[in-house]
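See structure below.
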Amino acid sequence: GQQVQQSPASLVLQEGENAELQCNFSSTATQLQWFYQSPGGSLVSLLSNPSGTKHTGRLTSTTVTKERRSSLHISSSQTTDSGTYLCAIAPMSNYNVLYFGSGTKLTVEP
Amino acid sequence: EAAVTQSPRSKVAVTGGKVTLSCHQTNNHDYMYWYRQDTGHGLRLIHYSYVADSTEKGDIPDGYKASRPSQENFSLILELASLSQTAVYFCASSGTGTNTGQLYFGEGSKLTVL
(Lines give C-alpha, C1' and ligand atoms only; values in the text may rest on other atoms or scores of the structure.)
Protein backbone atom coordinates (compact mmCIF):
# COMPACT_ATOMS: atom_id res chain seq x y z
CA GLY A 1 0.00 0.00 0.00
CA GLN A 2 0.87 3.62 -0.01
CA GLN A 3 3.33 4.77 2.59
CA VAL A 4 3.74 8.16 4.12
CA GLN A 5 6.56 8.52 6.60
CA GLN A 6 6.83 11.51 8.87
CA SER A 7 9.76 12.59 10.98
CA PRO A 8 10.50 13.28 13.68
CA ALA A 9 7.78 11.41 15.55
CA SER A 10 7.88 14.04 18.26
CA LEU A 11 9.53 17.39 18.77
CA VAL A 12 9.84 19.67 21.78
CA LEU A 13 10.66 23.33 21.31
CA GLN A 14 10.90 26.45 23.37
CA GLU A 15 8.55 29.22 22.38
CA GLY A 16 10.05 31.31 19.60
CA GLU A 17 12.11 28.50 18.09
CA ASN A 18 11.50 27.24 14.57
CA ALA A 19 10.28 23.75 13.67
CA GLU A 20 11.04 21.67 10.61
CA LEU A 21 8.77 18.68 9.93
CA GLN A 22 9.47 16.14 7.23
CA CYS A 23 7.21 13.98 5.08
CA ASN A 24 8.42 11.27 2.68
CA PHE A 25 6.14 9.21 0.51
CA SER A 26 6.51 6.12 -1.64
CA SER A 27 4.28 6.99 -4.61
CA THR A 28 4.03 9.78 -7.10
CA ALA A 29 1.56 12.16 -5.55
CA THR A 30 -0.98 14.33 -7.32
CA GLN A 31 -1.81 16.09 -4.08
CA LEU A 32 -0.07 16.72 -0.79
CA GLN A 33 -1.75 18.31 2.17
CA TRP A 34 -0.72 19.22 5.69
CA PHE A 35 -3.17 19.00 8.57
CA TYR A 36 -3.12 20.03 12.20
CA GLN A 37 -4.72 17.90 14.89
CA SER A 38 -5.30 19.65 18.20
CA PRO A 39 -4.62 17.94 21.52
CA GLY A 40 -8.38 17.58 21.79
CA GLY A 41 -8.49 15.68 18.51
CA SER A 42 -10.05 18.10 16.05
CA LEU A 43 -8.51 18.27 12.58
CA VAL A 44 -8.01 21.26 10.33
CA SER A 45 -6.43 21.59 6.94
CA LEU A 46 -3.34 23.82 6.98
CA LEU A 47 -2.34 23.99 3.37
CA SER A 48 -2.21 22.11 0.12
CA ASN A 49 1.15 21.94 -1.64
CA PRO A 50 1.65 19.25 -4.29
CA SER A 51 4.80 20.94 -5.61
CA GLY A 52 7.01 23.93 -4.98
CA THR A 53 6.90 26.27 -2.03
CA LYS A 54 3.84 27.71 -0.37
CA HIS A 55 3.52 30.16 2.49
CA THR A 56 0.65 30.89 4.83
CA GLY A 57 1.24 32.93 7.95
CA ARG A 58 4.13 31.41 9.89
CA LEU A 59 3.96 28.19 7.86
CA THR A 60 6.09 27.38 4.83
CA SER A 61 5.79 24.11 2.96
CA THR A 62 8.27 22.94 0.35
CA THR A 63 7.48 19.88 -1.75
CA VAL A 64 9.98 18.29 -4.12
CA THR A 65 7.77 16.03 -6.17
CA LYS A 66 10.55 14.13 -7.97
CA GLU A 67 12.17 13.26 -4.65
CA ARG A 68 8.83 12.40 -3.04
CA ARG A 69 9.30 14.58 -0.02
CA SER A 70 7.76 17.59 1.61
CA SER A 71 8.61 19.72 4.59
CA LEU A 72 6.64 22.04 6.83
CA HIS A 73 8.50 24.87 8.48
CA ILE A 74 6.90 26.65 11.42
CA SER A 75 8.60 29.90 12.32
CA SER A 76 8.60 31.57 15.72
CA SER A 77 6.67 28.76 17.37
CA GLN A 78 3.98 29.52 19.95
CA THR A 79 2.52 27.37 22.69
CA THR A 80 -0.73 27.26 20.73
CA ASP A 81 1.11 25.46 17.91
CA SER A 82 1.32 22.37 20.11
CA GLY A 83 -0.45 19.40 18.60
CA THR A 84 0.10 16.81 15.91
CA TYR A 85 0.92 17.68 12.31
CA LEU A 86 -0.19 15.20 9.69
CA CYS A 87 0.98 14.91 6.12
CA ALA A 88 -1.27 13.26 3.54
CA ILE A 89 -0.90 12.43 -0.15
CA ALA A 90 -3.27 11.48 -2.94
CA PRO A 91 -1.31 9.06 -5.17
CA MET A 92 -1.55 9.24 -8.93
CA SER A 93 -2.88 5.66 -8.93
CA ASN A 94 -5.90 6.61 -6.80
CA TYR A 95 -6.27 10.35 -6.50
CA ASN A 96 -9.60 10.17 -4.66
CA VAL A 97 -7.92 8.65 -1.60
CA LEU A 98 -5.74 10.57 0.83
CA TYR A 99 -3.13 8.49 2.64
CA PHE A 100 -1.97 9.90 5.95
CA GLY A 101 1.28 9.63 7.82
CA SER A 102 1.35 8.96 11.56
CA GLY A 103 2.17 12.57 12.30
CA THR A 104 4.71 14.63 14.20
CA LYS A 105 3.69 15.55 17.72
CA LEU A 106 4.90 19.06 18.45
CA THR A 107 5.14 20.44 21.96
CA VAL A 108 6.02 24.09 22.39
CA GLU A 109 6.99 25.04 25.91
CA PRO A 110 6.73 28.58 27.29
CA GLU B 1 -17.49 28.43 8.06
CA ALA B 2 -17.98 24.91 6.76
CA ALA B 3 -19.74 22.60 9.17
CA VAL B 4 -19.59 18.85 9.58
CA THR B 5 -21.34 17.32 12.57
CA GLN B 6 -21.05 13.75 13.74
CA SER B 7 -23.20 11.70 16.07
CA PRO B 8 -22.79 10.12 18.46
CA ARG B 9 -19.57 11.72 19.70
CA SER B 10 -18.90 8.71 21.86
CA LYS B 11 -20.33 5.21 21.95
CA VAL B 12 -19.71 1.95 23.75
CA ALA B 13 -20.88 -1.11 21.84
CA VAL B 14 -20.80 -4.84 22.48
CA THR B 15 -19.06 -7.29 20.24
CA GLY B 16 -21.43 -8.51 17.55
CA GLY B 17 -23.76 -5.56 17.91
CA LYS B 18 -24.72 -3.09 15.20
CA VAL B 19 -23.34 0.41 15.26
CA THR B 20 -24.33 3.35 13.09
CA LEU B 21 -22.26 6.53 12.99
CA SER B 22 -23.93 9.51 11.37
CA CYS B 23 -22.50 12.54 9.64
CA HIS B 24 -24.26 15.68 8.47
CA GLN B 25 -22.71 18.53 6.48
CA THR B 26 -24.08 21.95 5.66
CA ASN B 27 -21.34 22.83 3.19
CA ASN B 28 -23.21 21.83 0.05
CA HIS B 29 -20.23 19.58 -0.73
CA ASP B 30 -20.41 16.63 -3.10
CA TYR B 31 -17.65 14.56 -1.49
CA MET B 32 -17.92 12.94 1.91
CA TYR B 33 -15.49 10.59 3.64
CA TRP B 34 -15.21 8.28 6.62
CA TYR B 35 -11.78 7.81 8.21
CA ARG B 36 -10.68 5.89 11.24
CA GLN B 37 -7.80 6.82 13.50
CA ASP B 38 -6.14 4.42 15.88
CA THR B 39 -4.20 5.72 18.84
CA GLY B 40 -0.87 7.14 17.74
CA HIS B 41 -1.58 6.66 14.06
CA GLY B 42 -2.72 8.63 11.10
CA LEU B 43 -6.10 8.41 9.42
CA ARG B 44 -7.17 5.62 7.10
CA LEU B 45 -9.98 5.94 4.61
CA ILE B 46 -12.88 3.50 5.00
CA HIS B 47 -15.51 4.67 2.51
CA TYR B 48 -16.26 7.78 0.54
CA SER B 49 -18.99 9.14 -1.68
CA TYR B 50 -19.16 11.81 -4.35
CA VAL B 51 -22.90 11.69 -5.04
CA ALA B 52 -26.04 10.75 -3.17
CA ASP B 53 -27.07 7.09 -3.32
CA SER B 54 -23.56 5.99 -4.25
CA THR B 55 -20.58 4.99 -2.13
CA GLU B 56 -17.03 3.88 -2.90
CA LYS B 57 -14.60 1.70 -1.00
CA GLY B 58 -11.55 3.30 0.51
CA ASP B 59 -8.40 1.71 1.78
CA ILE B 60 -9.91 -0.41 4.61
CA PRO B 61 -13.59 -1.12 3.83
CA ASP B 62 -13.83 -4.64 5.28
CA GLY B 63 -16.33 -4.86 8.14
CA TYR B 64 -17.94 -1.51 7.27
CA LYS B 65 -20.83 -0.37 5.13
CA ALA B 66 -21.67 3.18 4.12
CA SER B 67 -24.86 4.90 3.14
CA ARG B 68 -25.35 8.28 1.43
CA PRO B 69 -29.11 8.91 1.32
CA SER B 70 -28.72 12.61 0.52
CA GLN B 71 -25.99 15.11 -0.27
CA GLU B 72 -25.95 16.24 3.37
CA ASN B 73 -25.87 12.87 5.12
CA PHE B 74 -23.36 10.04 5.16
CA SER B 75 -23.52 7.11 7.58
CA LEU B 76 -21.03 4.43 8.53
CA ILE B 77 -22.49 1.11 9.56
CA LEU B 78 -20.82 -1.67 11.49
CA GLU B 79 -23.18 -4.64 11.17
CA LEU B 80 -21.21 -6.86 13.55
CA ALA B 81 -18.92 -4.74 15.67
CA SER B 82 -15.61 -6.28 16.66
CA LEU B 83 -12.93 -5.39 19.19
CA SER B 84 -10.58 -4.36 16.39
CA GLN B 85 -13.00 -1.63 15.35
CA THR B 86 -12.38 0.33 18.52
CA ALA B 87 -11.08 3.65 17.21
CA VAL B 88 -11.95 7.28 16.62
CA TYR B 89 -13.93 7.82 13.45
CA PHE B 90 -13.83 11.07 11.51
CA CYS B 91 -16.21 12.23 8.84
CA ALA B 92 -15.11 14.86 6.35
CA SER B 93 -16.48 16.71 3.37
CA SER B 94 -14.91 18.36 0.35
CA GLY B 95 -16.27 20.40 -2.47
CA THR B 96 -14.12 19.02 -5.25
CA GLY B 97 -12.49 15.89 -3.87
CA THR B 98 -9.21 15.46 -2.03
CA ASN B 99 -7.18 15.86 -5.18
CA THR B 100 -7.98 19.53 -5.41
CA GLY B 101 -10.23 20.50 -2.55
CA GLN B 102 -9.86 21.27 1.12
CA LEU B 103 -11.15 18.73 3.60
CA TYR B 104 -13.44 19.81 6.43
CA PHE B 105 -13.60 17.39 9.33
CA GLY B 106 -16.17 16.64 11.96
CA GLU B 107 -15.16 16.46 15.61
CA GLY B 108 -14.81 12.70 15.61
CA SER B 109 -16.77 9.80 17.12
CA LYS B 110 -14.99 7.68 19.68
CA LEU B 111 -16.15 4.06 19.44
CA THR B 112 -15.26 1.49 22.07
CA VAL B 113 -16.23 -2.10 21.38
CA LEU B 114 -16.24 -4.38 24.40
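Numbering starts fresh at 1 for the residues of each chain in the C-alpha coordinates, the chains themselves are lettered A, B, ... in the order given, and ligands are numbered from 1 as they appear.
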(request) Return as an MDAnalysis selection string the full set of residues in segment 10-105 of chain A whose backbone-based DSSP assignment is strand (DSSP E). (result) chainID A and resid 10:14 19:25 29:37 43:48 52:56 59:64 69:74 83:91 99:100 104:105
(message) Give me, as a VMD selection string, the residues of chain A touching chain B, with the criterion being at most 7 Å (counting only C-alpha atoms).
(response) chain A and resid 30 to 31 42 to 45 90 95 to 103
(message) Residues near Thr65 of chain A, anyone? I mean within 8 Å using only C-alpha atoms, not counting same-chain ones fewer than 3 positions away, as a PyMOL selection string.
(response) chain A and resi 28-29+50-51+68-70
(message) Residues within 12 Å of Thr63 of chain A, please, as number ranges by chain. Count only C-alpha atoms; anything in the same chain fewer than 4 positions from it doesn't count.
(response) A: 21-25, 28-34, 47-55, 67-73, 87, 89
